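Engineer: File name protein09.txt; file contents compact mmCIF, C-alpha atoms; full text below.
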# COMPACT_ATOMS: atom_id res chain seq x y z
CA MET A 1 42.93 -192.55 -129.77
CA ALA A 2 39.29 -192.57 -128.94
CA GLU A 3 37.26 -190.27 -131.04
CA ILE A 4 34.76 -187.89 -129.79
CA ILE A 5 31.71 -188.09 -131.85
CA GLN A 6 30.24 -184.71 -132.17
CA GLU A 7 26.60 -184.65 -132.57
CA GLU A 8 25.20 -181.92 -134.63
CA LYS A 9 22.23 -180.46 -133.05
CA GLY A 10 19.46 -178.95 -134.97
CA LYS A 11 18.30 -175.49 -134.13
CA GLY A 12 14.90 -176.45 -132.96
CA GLY A 13 16.22 -179.33 -130.89
CA LYS A 14 15.28 -181.61 -133.69
CA LYS A 15 17.85 -184.15 -134.77
CA LYS A 16 18.92 -184.12 -138.34
CA ALA A 17 18.96 -187.40 -140.19
CA LYS A 18 22.54 -188.55 -140.82
CA LYS A 19 23.76 -188.33 -144.34
CA HIS A 20 27.16 -190.04 -144.02
CA PRO A 21 27.48 -193.80 -143.74
CA PRO A 22 28.50 -194.67 -140.20
CA HIS A 23 32.20 -194.73 -139.59
CA ILE A 24 33.47 -197.79 -137.80
CA ASP A 25 36.37 -197.07 -135.56
CA MET A 26 39.03 -199.68 -136.33
CA THR A 27 41.53 -198.67 -133.68
CA PRO A 28 40.56 -201.22 -131.01
CA MET A 29 40.65 -203.94 -133.64
CA VAL A 30 44.15 -202.90 -134.67
CA ASP A 31 45.24 -202.91 -131.05
CA LEU A 32 43.89 -206.39 -130.56
CA MET A 33 45.59 -207.70 -133.67
CA CYS A 34 48.87 -206.16 -132.62
CA LEU A 35 48.62 -208.04 -129.36
CA LEU A 36 47.87 -211.32 -131.09
CA ILE A 37 50.70 -210.91 -133.55
CA THR A 38 53.14 -210.16 -130.76
CA PHE A 39 51.94 -213.21 -128.89
CA PHE A 40 52.36 -215.51 -131.87
CA MET A 41 55.75 -214.10 -132.76
CA LEU A 42 57.03 -214.74 -129.27
CA THR A 43 55.67 -218.24 -128.94
CA THR A 44 56.61 -219.45 -132.39
CA ALA A 45 59.82 -221.36 -132.77
CA PHE A 46 60.90 -220.07 -136.13
CA ALA A 47 64.35 -221.49 -136.60
CA LYS A 48 64.19 -225.22 -136.38
CA ALA A 49 67.06 -226.90 -134.64
CA LYS A 50 69.51 -228.74 -136.84
CA VAL A 51 70.86 -232.22 -136.38
CA MET A 52 74.25 -233.71 -137.00
CA ASP A 53 74.57 -237.38 -137.89
CA ILE A 54 77.07 -239.54 -136.13
CA VAL A 55 77.71 -243.24 -136.31
CA LEU A 56 79.53 -244.93 -133.48
CA PRO A 57 81.47 -248.14 -133.96
CA GLU A 58 79.53 -251.20 -132.98
CA LYS A 59 80.21 -252.66 -129.57
CA LEU A 60 82.13 -255.87 -129.98
CA GLU A 61 81.04 -258.96 -128.14
CA ASN A 62 84.59 -260.14 -127.62
CA PRO A 63 87.11 -257.43 -128.36
CA GLU A 64 90.11 -259.69 -127.70
CA GLU A 65 89.51 -261.61 -130.88
CA GLN A 66 89.42 -258.50 -132.99
CA LYS A 67 92.65 -257.64 -134.69
CA ALA A 68 93.77 -254.05 -134.64
CA PRO A 69 93.69 -252.49 -138.09
CA ALA A 70 97.04 -252.17 -139.79
CA VAL A 71 97.48 -248.43 -139.89
CA ALA A 72 100.68 -246.56 -140.51
CA GLU A 73 101.54 -244.93 -137.22
CA SER A 74 102.41 -241.68 -138.93
CA ARG A 75 98.80 -241.27 -140.03
CA ASN A 76 97.42 -241.77 -136.56
CA VAL A 77 96.11 -238.71 -134.77
CA ASN A 78 94.79 -239.12 -131.25
CA ILE A 79 92.65 -236.29 -129.99
CA ILE A 80 91.76 -236.17 -126.33
CA LEU A 81 89.07 -233.87 -125.01
CA GLY A 82 90.33 -232.67 -121.67
CA PRO A 83 88.81 -230.88 -118.70
CA ASP A 84 87.97 -227.15 -118.72
CA ASN A 85 87.47 -227.02 -122.50
CA ARG A 86 91.09 -227.98 -123.13
CA ILE A 87 92.06 -230.26 -125.95
CA PHE A 88 95.18 -232.34 -126.47
CA TRP A 89 96.59 -234.50 -129.17
CA TYR A 90 99.47 -236.85 -129.78
CA PRO A 91 100.60 -238.61 -132.93
CA GLY A 92 101.12 -242.33 -133.39
CA ALA A 93 100.33 -244.85 -130.71
CA VAL A 94 101.63 -245.76 -127.29
CA LYS A 95 103.19 -249.19 -127.10
CA PRO A 96 102.48 -251.49 -124.16
CA ALA A 97 106.16 -251.61 -123.29
CA ASP A 98 106.17 -247.84 -122.91
CA TYR A 99 103.19 -247.41 -120.67
CA ASN A 100 104.07 -250.43 -118.60
CA ALA A 101 107.37 -248.74 -117.90
CA ASN A 102 105.49 -245.56 -117.00
CA VAL A 103 106.90 -243.66 -119.93
CA PHE A 104 104.24 -241.56 -121.56
CA PRO A 105 104.62 -239.47 -124.64
CA PRO A 106 103.84 -235.82 -123.93
CA LEU A 107 100.48 -234.44 -125.02
CA ILE A 108 100.40 -231.37 -127.18
CA GLU A 109 97.81 -228.81 -126.17
CA LEU A 110 95.63 -227.10 -128.75
CA ASP A 111 92.47 -225.08 -128.63
CA TYR A 112 89.12 -225.20 -130.40
CA SER A 113 89.78 -222.12 -132.50
CA ALA A 114 90.50 -221.98 -136.21
CA THR A 115 94.21 -221.71 -135.54
CA GLY A 116 94.26 -224.62 -133.13
CA ILE A 117 92.80 -227.99 -133.88
CA ARG A 118 91.48 -226.98 -137.29
CA GLN A 119 94.92 -225.91 -138.45
CA LEU A 120 96.35 -229.26 -137.43
CA LEU A 121 93.60 -231.29 -139.06
CA LEU A 122 93.68 -229.35 -142.31
CA ASP A 123 97.43 -229.63 -142.37
CA LYS A 124 97.25 -233.40 -142.04
CA ASN A 125 94.32 -233.66 -144.40
CA LYS A 126 95.64 -231.27 -147.06
CA THR A 127 95.16 -233.45 -150.11
CA LEU A 128 91.66 -234.55 -149.34
CA ALA A 129 90.52 -231.12 -148.16
CA ARG A 130 91.81 -229.64 -151.41
CA LYS A 131 89.99 -232.26 -153.47
CA ILE A 132 86.74 -231.60 -151.66
CA ALA A 133 87.15 -227.84 -151.95
CA ASP A 134 87.89 -228.11 -155.69
CA PHE A 135 84.87 -230.31 -156.16
CA ASN A 136 82.64 -227.87 -154.29
CA ASP A 137 84.06 -225.01 -156.35
CA MET A 138 83.22 -226.80 -159.57
CA VAL A 139 79.67 -227.43 -158.38
CA ILE A 140 79.25 -223.79 -157.43
CA LYS A 141 80.62 -222.57 -160.75
CA GLY A 142 78.27 -224.91 -162.56
CA GLU A 143 80.97 -227.04 -164.22
CA ILE A 144 79.41 -230.11 -162.68
CA VAL A 145 75.66 -230.31 -162.43
CA LEU A 146 74.49 -232.76 -159.82
CA SER A 147 71.61 -233.17 -157.45
CA GLN A 148 72.18 -232.50 -153.78
CA ASP A 149 72.23 -236.20 -152.98
CA SER A 150 74.82 -236.97 -155.63
CA ILE A 151 77.02 -234.16 -154.34
CA GLN A 152 76.93 -235.70 -150.88
CA GLY A 153 77.58 -239.09 -152.42
CA SER A 154 80.54 -237.83 -154.43
CA ILE A 155 82.10 -236.23 -151.38
CA ARG A 156 81.61 -239.45 -149.49
CA LYS A 157 83.31 -241.29 -152.34
CA LEU A 158 86.23 -238.86 -152.26
CA LYS A 159 86.58 -239.49 -148.54
CA ALA A 160 86.38 -243.26 -148.93
CA ASP A 161 88.97 -243.39 -151.71
CA ASP A 162 91.40 -241.18 -149.91
CA ASP A 163 94.56 -242.86 -148.68
CA THR A 164 96.60 -239.91 -147.47
CA GLY A 165 94.48 -238.37 -144.75
CA PRO A 166 94.84 -239.02 -141.06
CA PHE A 167 93.09 -241.62 -138.95
CA VAL A 168 91.62 -239.57 -136.19
CA GLN A 169 90.73 -241.18 -132.91
CA ILE A 170 88.67 -239.05 -130.60
CA LYS A 171 88.67 -239.79 -126.92
CA ALA A 172 86.98 -237.98 -124.11
CA TYR A 173 88.48 -237.57 -120.66
CA LYS A 174 85.87 -237.95 -117.92
CA GLU A 175 85.72 -234.24 -117.20
CA ALA A 176 85.05 -233.20 -120.79
CA ASN A 177 81.62 -231.84 -121.62
CA TYR A 178 79.12 -232.47 -124.36
CA GLY A 179 79.87 -229.19 -126.12
CA ASN A 180 83.47 -230.32 -126.69
CA PHE A 181 82.21 -233.55 -128.19
CA VAL A 182 79.97 -231.76 -130.67
CA ASP A 183 82.70 -229.22 -131.44
CA ILE A 184 85.23 -231.86 -132.35
CA LEU A 185 82.80 -233.82 -134.52
CA ASP A 186 81.89 -230.56 -136.21
CA GLU A 187 85.58 -229.92 -136.78
CA MET A 188 85.80 -233.30 -138.54
CA ASN A 189 83.04 -232.22 -140.89
CA ILE A 190 84.57 -228.81 -141.51
CA CYS A 191 87.98 -230.27 -142.31
CA GLY A 192 86.51 -233.08 -144.38
CA ILE A 193 88.26 -235.83 -142.46
CA GLY A 194 87.49 -239.13 -144.15
CA ARG A 195 88.29 -241.47 -141.31
CA TYR A 196 87.55 -240.67 -137.74
CA MET A 197 86.14 -242.63 -134.88
CA PHE A 198 85.07 -242.02 -131.37
CA VAL A 199 86.60 -244.52 -128.99
CA ASP A 200 86.79 -245.06 -125.26
CA ILE A 201 89.73 -243.49 -123.53
CA THR A 202 92.37 -245.89 -122.18
CA TRP A 203 93.81 -245.75 -118.69
CA TYR A 204 97.20 -244.60 -119.89
CA GLU A 205 95.67 -241.79 -121.89
CA GLU A 206 93.79 -240.65 -118.79
CA LYS A 207 97.13 -240.67 -117.05
CA MET A 208 98.64 -238.61 -119.84
CA VAL A 209 95.89 -236.01 -119.49
CA GLU A 210 96.40 -235.88 -115.76
CA ILE A 211 100.10 -235.30 -116.27
CA ALA A 212 99.37 -232.61 -118.83
CA VAL A 213 97.01 -230.69 -116.55
CA GLY A 214 99.34 -231.14 -113.61
CA LYS A 215 97.20 -233.50 -111.53
CA ALA A 216 99.74 -236.31 -111.57
CA THR A 217 103.41 -236.58 -112.20
CA ALA A 218 105.05 -238.93 -114.62
CA SER A 219 107.22 -240.55 -111.97
CA THR A 220 104.48 -241.67 -109.59
CA ASN A 221 103.64 -245.27 -109.80
CA MET B 1 43.15 -163.00 -151.71
CA PRO B 2 40.96 -164.92 -149.38
CA LYS B 3 42.71 -166.97 -146.78
CA ILE B 4 42.46 -170.69 -147.07
CA LYS B 5 40.64 -171.91 -144.07
CA LEU B 6 42.27 -174.97 -142.55
CA PRO B 7 39.86 -177.61 -141.34
CA THR B 8 39.69 -177.59 -137.60
CA LYS B 9 38.75 -181.21 -137.29
CA SER B 10 41.69 -183.65 -137.10
CA PRO B 11 41.97 -185.82 -140.20
CA ARG B 12 40.54 -189.22 -139.87
CA ILE B 13 42.97 -192.06 -140.65
CA ASP B 14 41.46 -194.98 -142.40
CA MET B 15 42.58 -198.05 -140.51
CA THR B 16 41.10 -200.60 -142.88
CA PRO B 17 44.27 -201.40 -144.91
CA MET B 18 46.24 -201.71 -141.71
CA VAL B 19 43.69 -204.13 -140.35
CA ASP B 20 43.92 -206.12 -143.56
CA THR B 21 47.70 -206.38 -143.36
CA PHE B 22 47.57 -207.42 -139.75
CA ALA B 23 44.95 -210.02 -140.52
CA VAL B 24 47.22 -211.55 -143.17
CA ILE B 25 50.24 -211.61 -140.88
CA LEU B 26 48.17 -213.05 -138.09
CA THR B 27 46.76 -215.82 -140.26
CA PHE B 28 50.23 -216.66 -141.51
CA LEU B 29 51.67 -216.86 -138.02
CA MET B 30 48.77 -218.92 -136.75
CA LEU B 31 49.11 -221.44 -139.53
CA THR B 32 52.87 -221.81 -139.35
CA ALA B 33 53.14 -221.71 -135.59
CA THR B 34 54.57 -224.63 -133.77
CA MET B 35 54.27 -223.75 -130.17
CA ARG B 36 57.43 -223.54 -128.21
CA GLN B 37 57.23 -226.25 -125.64
CA ASP B 38 58.22 -225.81 -122.11
CA GLU B 39 60.97 -228.33 -121.64
CA PRO B 40 61.60 -229.73 -118.18
CA ALA B 41 65.24 -228.66 -118.45
CA ASN B 42 66.74 -225.66 -120.13
CA VAL B 43 69.44 -226.60 -122.58
CA VAL B 44 71.56 -224.48 -124.86
CA THR B 45 72.57 -226.70 -127.72
CA PRO B 46 76.11 -226.46 -129.08
CA PHE B 47 76.81 -225.09 -132.54
CA SER B 48 77.71 -226.98 -135.68
CA ILE B 49 77.78 -226.42 -139.42
CA SER B 50 75.20 -229.11 -140.11
CA GLU B 51 72.20 -227.90 -142.09
CA LYS B 52 70.02 -230.93 -141.74
CA PRO B 53 66.73 -230.06 -140.05
CA THR B 54 65.36 -232.07 -137.15
CA PRO B 55 62.96 -234.76 -138.32
CA ASP B 56 59.37 -234.47 -137.14
CA PHE B 57 58.51 -238.12 -136.92
CA ASN B 58 60.16 -241.46 -136.27
CA THR B 59 62.37 -239.91 -133.70
CA MET B 60 62.94 -240.13 -130.01
CA THR B 61 64.86 -237.32 -128.42
CA PHE B 62 66.94 -237.69 -125.32
CA LEU B 63 67.20 -234.40 -123.54
CA ILE B 64 70.19 -234.32 -121.25
CA SER B 65 70.27 -231.47 -118.78
CA PRO B 66 73.49 -229.85 -117.52
CA GLU B 67 72.99 -231.78 -114.27
CA GLY B 68 73.01 -235.04 -116.18
CA LYS B 69 69.29 -235.81 -115.92
CA VAL B 70 67.79 -237.58 -118.90
CA PHE B 71 64.36 -236.88 -120.37
CA LEU B 72 62.67 -238.61 -123.27
CA ASN B 73 60.42 -237.20 -125.97
CA MET B 74 58.76 -238.92 -128.91
CA ASP B 75 58.21 -237.17 -132.24
CA ASN B 76 58.80 -233.71 -130.73
CA GLY B 77 55.49 -233.30 -128.99
CA PRO B 78 52.03 -234.63 -128.32
CA ASP B 79 50.79 -237.80 -129.91
CA THR B 80 50.02 -238.05 -133.58
CA ILE B 81 47.48 -240.19 -135.32
CA LEU B 82 49.68 -243.26 -134.90
CA LYS B 83 49.21 -243.15 -131.13
CA LEU B 84 52.81 -244.16 -130.55
CA ARG B 85 53.05 -242.53 -127.14
CA ARG B 86 50.02 -244.41 -125.95
CA LYS B 87 51.36 -247.74 -127.16
CA LEU B 88 54.72 -246.96 -125.61
CA LEU B 89 53.24 -246.34 -122.18
CA GLU B 90 51.07 -249.45 -122.42
CA GLU B 91 54.14 -251.47 -123.28
CA MET B 92 56.09 -249.95 -120.40
CA GLY B 93 53.18 -250.68 -118.08
CA LYS B 94 53.23 -254.33 -119.12
CA ARG B 95 56.95 -254.63 -118.42
CA TYR B 96 56.71 -253.09 -114.99
CA ALA B 97 53.31 -254.62 -114.16
CA ILE B 98 51.58 -251.26 -113.85
CA GLU B 99 48.07 -250.98 -115.17
CA PHE B 100 47.41 -247.56 -116.71
CA THR B 101 43.84 -246.39 -116.97
CA GLU B 102 42.32 -244.91 -120.09
CA LYS B 103 42.49 -241.45 -118.57
CA GLU B 104 46.16 -241.78 -117.74
CA LEU B 105 46.99 -242.99 -121.21
CA ARG B 106 45.20 -240.03 -122.68
CA GLU B 107 47.04 -237.68 -120.34
CA PHE B 108 50.34 -239.16 -121.51
CA GLU B 109 49.34 -238.77 -125.15
CA LYS B 110 48.62 -235.10 -124.63
CA PHE B 111 51.75 -234.32 -122.67
CA PRO B 112 53.54 -231.84 -124.91
CA SER B 113 57.18 -232.02 -123.94
CA SER B 114 59.89 -234.32 -122.72
CA MET B 115 59.32 -236.39 -119.65
CA GLY B 116 61.76 -237.85 -117.20
CA VAL B 117 59.65 -239.60 -114.63
CA PRO B 118 60.55 -242.88 -112.96
CA ILE B 119 57.93 -245.40 -114.03
CA ASN B 120 56.84 -246.01 -110.41
CA ASN B 121 55.83 -242.36 -110.13
CA MET B 122 54.16 -242.20 -113.53
CA LYS B 123 50.64 -242.51 -112.12
CA GLU B 124 51.09 -239.64 -109.68
CA PHE B 125 52.74 -237.60 -112.40
CA LEU B 126 49.86 -238.09 -114.82
CA ALA B 127 47.31 -237.34 -112.11
CA GLY B 128 48.81 -233.89 -111.66
CA LYS B 129 46.76 -231.14 -113.24
CA THR B 130 49.23 -228.29 -113.51
CA SER B 131 52.90 -228.17 -114.31
CA LYS B 132 53.44 -227.11 -110.71
CA GLU B 133 52.02 -230.39 -109.49
CA ARG B 134 53.88 -232.36 -112.11
CA ASP B 135 57.32 -230.85 -112.06
CA PRO B 136 58.49 -232.45 -108.80
CA PHE B 137 58.22 -235.85 -110.51
CA GLN B 138 60.46 -234.79 -113.40
CA VAL B 139 63.65 -236.07 -111.86
CA GLY B 140 65.11 -237.77 -114.92
CA ILE B 141 64.79 -241.34 -116.12
CA PRO B 142 66.73 -243.72 -113.88
CA MET B 143 69.54 -245.50 -115.69
CA ASP B 144 71.54 -247.29 -113.02
CA SER B 145 72.63 -250.79 -113.79
CA THR B 146 70.21 -252.14 -111.17
CA ASP B 147 67.20 -250.23 -112.44
CA ASN B 148 67.80 -249.36 -116.06
CA GLN B 149 64.50 -247.81 -117.05
CA LEU B 150 66.09 -245.82 -119.85
CA GLY B 151 67.11 -249.04 -121.56
CA MET B 152 63.56 -250.31 -121.18
CA TRP B 153 62.11 -247.14 -122.67
CA ILE B 154 64.43 -247.53 -125.65
CA LEU B 155 63.49 -251.17 -126.04
CA CYS B 156 59.76 -250.43 -125.90
CA ALA B 157 60.05 -247.45 -128.22
CA ARG B 158 61.73 -249.62 -130.81
CA GLN B 159 59.11 -252.29 -130.35
CA VAL B 160 56.34 -249.78 -130.91
CA ASN B 161 58.04 -248.12 -133.85
CA PRO B 162 60.88 -250.13 -135.45
CA ALA B 163 61.84 -247.24 -137.71
CA ILE B 164 62.59 -244.92 -134.83
CA ASN B 165 65.80 -242.90 -134.78
CA ALA B 166 67.56 -241.58 -131.76
CA SER B 167 68.57 -237.99 -131.38
CA ILE B 168 70.41 -236.47 -128.50
CA LYS B 169 69.89 -232.97 -127.27
CA GLY B 170 72.37 -231.90 -124.69
CA ASP B 171 73.58 -228.69 -123.20
CA SER B 172 77.10 -227.53 -124.01
CA GLU B 173 77.87 -227.83 -120.31
CA THR B 174 76.48 -231.33 -119.87
CA PRO B 175 79.29 -233.51 -118.49
CA PHE B 176 80.34 -236.04 -121.06
CA PRO B 177 79.96 -239.16 -118.88
CA ALA B 178 76.21 -238.46 -118.67
CA VAL B 179 76.01 -238.41 -122.47
CA LYS B 180 78.22 -241.47 -122.66
CA LYS B 181 75.82 -243.37 -120.42
CA VAL B 182 72.95 -242.67 -122.79
CA LEU B 183 75.09 -243.59 -125.79
CA ASP B 184 76.10 -246.85 -124.12
CA ASN B 185 72.46 -247.63 -123.39
CA LEU B 186 71.57 -247.06 -127.02
CA GLN B 187 74.46 -249.12 -128.25
CA GLU B 188 73.44 -251.99 -126.02
CA LYS B 189 70.19 -251.98 -127.96
CA LYS B 190 72.16 -252.01 -131.21
CA ILE B 191 71.50 -248.42 -132.14
CA ASN B 192 74.76 -247.09 -133.52
CA ARG B 193 73.47 -244.17 -135.53
CA PHE B 194 72.52 -241.00 -133.74
CA MET B 195 71.59 -237.46 -134.45
CA LEU B 196 72.95 -234.71 -132.28
CA VAL B 197 70.73 -231.66 -132.05
CA THR B 198 72.72 -228.49 -132.64
CA SER B 199 72.23 -224.89 -133.64
CA LEU B 200 73.51 -223.64 -136.94
CA GLU B 201 76.75 -221.71 -137.13
CA ALA B 202 78.45 -220.51 -140.28
CA THR B 203 82.10 -221.36 -140.65
CA GLN B 204 84.45 -220.89 -143.52
CA ILE B 205 87.84 -222.31 -144.01
CA ASN B 206 90.54 -220.78 -146.06
CA LEU B 207 92.64 -223.45 -147.71
CA GLU B 208 95.08 -220.99 -149.25
CA GLU B 209 96.12 -219.86 -145.81
CA ILE B 210 97.05 -223.25 -144.52
CA GLN B 211 98.86 -224.39 -147.61
CA GLN B 212 101.86 -222.19 -146.96
Give the structure from the file, written as structure tokens.

Structural biologist:
Amino acid sequence: MAEIIQEEKGKGGKKKAKKHPPHIDMTPMVDLMCLLITFFMLTTAFAKAKVMDIVLPEKLENPEEQKAPAVAESRNVNIILGPDNRIFWYPGAVKPADYNANVFPPLIELDYSATGIRQLLLDKNKTLARKIADFNDMVIKGEIVLSQDSIQGSIRKLKADDDTGPFVQIKAYKEANYGNFVDILDEMNICGIGRYMFVDITWYEEKMVEIAVGKATASTN
Amino acid sequence: MPKIKLPTKSPRIDMTPMVDTFAVILTFLMLTATMRQDEPANVVTPFSISEKPTPDFNTMTFLISPEGKVFLNMDNGPDTILKLRRKLLEEMGKRYAIEFTEKELREFEKFPSSMGVPINNMKEFLAGKTSKERDPFQVGIPMDSTDNQLGMWILCARQVNPAINASIKGDSETPFPAVKKVLDNLQEKKINRFMLVTSLEATQINLEEIQQ
């Protein structure tokens, strides 16, 4: 893009005085700026990462003294994060008499898709999910005018008052990965589950996973 | 009719407005830029629907690599006016009876990304000039039960800044037990509230569909 500056030569070899103001060639400057802009664009982290809040139950000093909460077994949902991005669940609870006798309830396999675990959770959480969706609809339509904080607060209140939704217990098998953990917590937020907790996996649940993936058989002792 | 004579000289394009535009864009980018830091481990964070942005202060981030190594970062980068990083290293030095010189403290303040250096190697690490010299020391913070330096870092960080929050940045492929170890360490220090760093993903649910 360099320009050739043509010099006009006078007839008698004498140089004529210039009449035009000198033209500054901006092209190198533009080139330089292009480079700088490209550099900044590539090194800038535009989209800031997001964070998801999670609260874990406090570690108890002496868990033996703690009484188990009185929860209707039908509302209990146990989700186990398995190896190789597999996910299992079983309803209710396993009684000591059962696992001591080596009788384990079968695990039901799901997947992380919208038709898998989400379907199950929404199904169990129908009433609450509907309430939250209706509330959000009303906010969007402008029937309720609230600040962002109050909206969050109201949804929290809806979740706390709910007495129909499931109690979800999330457990991770030792071969699960961190992505599964985030996925399942995200699923809880998407489905608006009011009560969920992340707890340590028990030995009999590990056994159940091993049976489900075919590593162990139910009859071995 | 006389022919119109076309000028033989190529038209000159005036670059000035273009330069002006570029200058504006450049200024904008320079002012908003937060440099991408070179993290000691490459992680691809999992996706979630959360829209809460990462906080810029009062935070310590635990970076957990797919191999299960743990790195620690304070307030997402080099030290701020509060000199928390400096105080943290001084405190750590006291606990492990290592005297850090002024130069080393300053080096630690300036260090822009996460670090996962065993405290015994910290001096050699800080003496390194280039990332090539430093990287071999970035082996992850030890957290065995016999030598739980991660727990000590957490303790000191909370001592230096009581309002500090913990966030965890892991790769999707990070094995869960590695994350669990960090969580257990935090819970031992009575931190039960965490933030998990994720990338945003849009999801919609259709209630009508599931109500059948």

Engineer: As a PyMOL selection string, could you give me every residue of chain A near chain B (at most 9 Å apart, counting only C-alpha atoms)?

Structural biologist: chain A and resi 25-27+29-30+33-34+36-37+40-46+48-59+114+118-119+122-123+126+129-130+133+172-183+185-187+189-191

Engineer: Excluding same-chain residues fewer than 4 positions from Tyr196 of chain A, what lies within 8 Å of it counting all atoms listed in the file, as a list in words?

Structural biologist: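 With the cut-off at 8 Å, the set is Phe167, Val168, Gln169, Ile170 and Met188 of chain A.
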
Engineer: Go through B:Leu84, B:Ala157, B:Ile4, B:Met115 and flag the residue nearest Ile141 of chain B, using all atoms listed in the file for the distances.

Structural biologist: B:Met115

Engineer: Report, in Å with one decimal, the straight-line distance from atom CA of Val139 of chain B to atom CA of Leu186 of chain B.

Structural biologist: 20.3 Å

Engineer: Name the residues, using the chain letters and numbers of the file, that sit within 12 Å of (51.7, -229.9, -116.5) when counting only C-alpha atoms, and give them as a PDB file with C-alpha atoms, in the coordinates of the input.

Structural biologist:
ATOM      1  CA  GLN B  37      57.230-226.250-125.640  1.00  0.00           C
ATOM      2  CA  ASP B  38      58.220-225.810-122.110  1.00  0.00           C
ATOM      3  CA  GLU B  39      60.970-228.330-121.640  1.00  0.00           C
ATOM      4  CA  PRO B  40      61.600-229.730-118.180  1.00  0.00           C
ATOM      5  CA  GLU B 107      47.040-237.680-120.340  1.00  0.00           C
ATOM      6  CA  PHE B 108      50.340-239.160-121.510  1.00  0.00           C
ATOM      7  CA  LYS B 110      48.620-235.100-124.630  1.00  0.00           C
ATOM      8  CA  PHE B 111      51.750-234.320-122.670  1.00  0.00           C
ATOM      9  CA  PRO B 112      53.540-231.840-124.910  1.00  0.00           C
ATOM     10  CA  SER B 113      57.180-232.020-123.940  1.00  0.00           C
ATOM     11  CA  SER B 114      59.890-234.320-122.720  1.00  0.00           C
ATOM     12  CA  MET B 115      59.320-236.390-119.650  1.00  0.00           C
ATOM     13  CA  GLU B 124      51.090-239.640-109.680  1.00  0.00           C
ATOM     14  CA  PHE B 125      52.740-237.600-112.400  1.00  0.00           C
ATOM     15  CA  LEU B 126      49.860-238.090-114.820  1.00  0.00           C
ATOM     16  CA  ALA B 127      47.310-237.340-112.110  1.00  0.00           C
ATOM     17  CA  GLY B 128      48.810-233.890-111.660  1.00  0.00           C
ATOM     18  CA  LYS B 129      46.760-231.140-113.240  1.00  0.00           C
ATOM     19  CA  THR B 130      49.230-228.290-113.510  1.00  0.00           C
ATOM     20  CA  SER B 131      52.900-228.170-114.310  1.00  0.00           C
ATOM     21  CA  LYS B 132      53.440-227.110-110.710  1.00  0.00           C
ATOM     22  CA  GLU B 133      52.020-230.390-109.490  1.00  0.00           C
ATOM     23  CA  ARG B 134      53.880-232.360-112.110  1.00  0.00           C
ATOM     24  CA  ASP B 135      57.320-230.850-112.060  1.00  0.00           C
ATOM     25  CA  PRO B 136      58.490-232.450-108.800  1.00  0.00           C
ATOM     26  CA  PHE B 137      58.220-235.850-110.510  1.00  0.00           C
ATOM     27  CA  GLN B 138      60.460-234.790-113.400  1.00  0.00           C
TER      28      GLN B 138
END

Engineer: Which polymer residues, protein or nucleic acid, are no farther than 7 Å from (45.3, -240.2, -129.3), counting all atoms listed in the file, as a PyMOL selection string?

Structural biologist: chain B and resi 79-81+83+106+109

Engineer: Give me, please, the distance in Å between atom CA of Ala212 of chain A and atom CA of Arg86 of chain A, quoted to one decimal.

Structural biologist: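 About the pair atom CA of Ala212 of chain A and atom CA of Arg86 of chain A: they are 10.4 Å apart.
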
Engineer: Find the spatial neighbours of Leu82 of chain B, counting all atoms listed in the file, within a cut-off of 12 Å - ignore same-chain residues fewer than 5 positions away - and output them as an MDAnalysis selection string.

Structural biologist: chainID B and resid 57:58 74:75 87:88 109 160:161

Engineer: Expressed in Å to a single decimal, how great is the separation between atom CA of Gly192 of chain A and atom CA of Asp137 of chain A?

Structural biologist: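 Rounded to one decimal, the two atoms are 14.6 Å apart.
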
Engineer: Using the atoms already present, construct N, CA and C atoms for segment 64-71 of chain B and hand them back as a compact mmCIF listing (two decimals), in the coordinates of the input.

Structural biologist:
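So the final result, stored in result23.txt, reads:
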# COMPACT_ATOMS: atom_id res chain seq x y z
N ILE B 64 69.28 -234.12 -122.38
CA ILE B 64 70.19 -234.32 -121.25
C ILE B 64 70.53 -232.97 -120.65
N SER B 65 70.10 -232.78 -119.42
CA SER B 65 70.27 -231.47 -118.78
C SER B 65 71.71 -231.30 -118.31
N PRO B 66 72.11 -230.06 -118.01
CA PRO B 66 73.49 -229.85 -117.52
C PRO B 66 73.79 -230.64 -116.25
N GLU B 67 72.74 -231.00 -115.50
CA GLU B 67 72.99 -231.78 -114.27
C GLU B 67 73.08 -233.27 -114.57
N GLY B 68 72.89 -233.63 -115.82
CA GLY B 68 73.01 -235.04 -116.18
C GLY B 68 71.70 -235.81 -116.10
N LYS B 69 70.58 -235.11 -115.90
CA LYS B 69 69.29 -235.81 -115.92
C LYS B 69 68.88 -236.09 -117.35
N VAL B 70 68.18 -237.21 -117.54
CA VAL B 70 67.79 -237.58 -118.90
C VAL B 70 66.27 -237.56 -119.03
N PHE B 71 65.79 -236.93 -120.09
CA PHE B 71 64.36 -236.88 -120.37
C PHE B 71 64.14 -237.42 -121.77
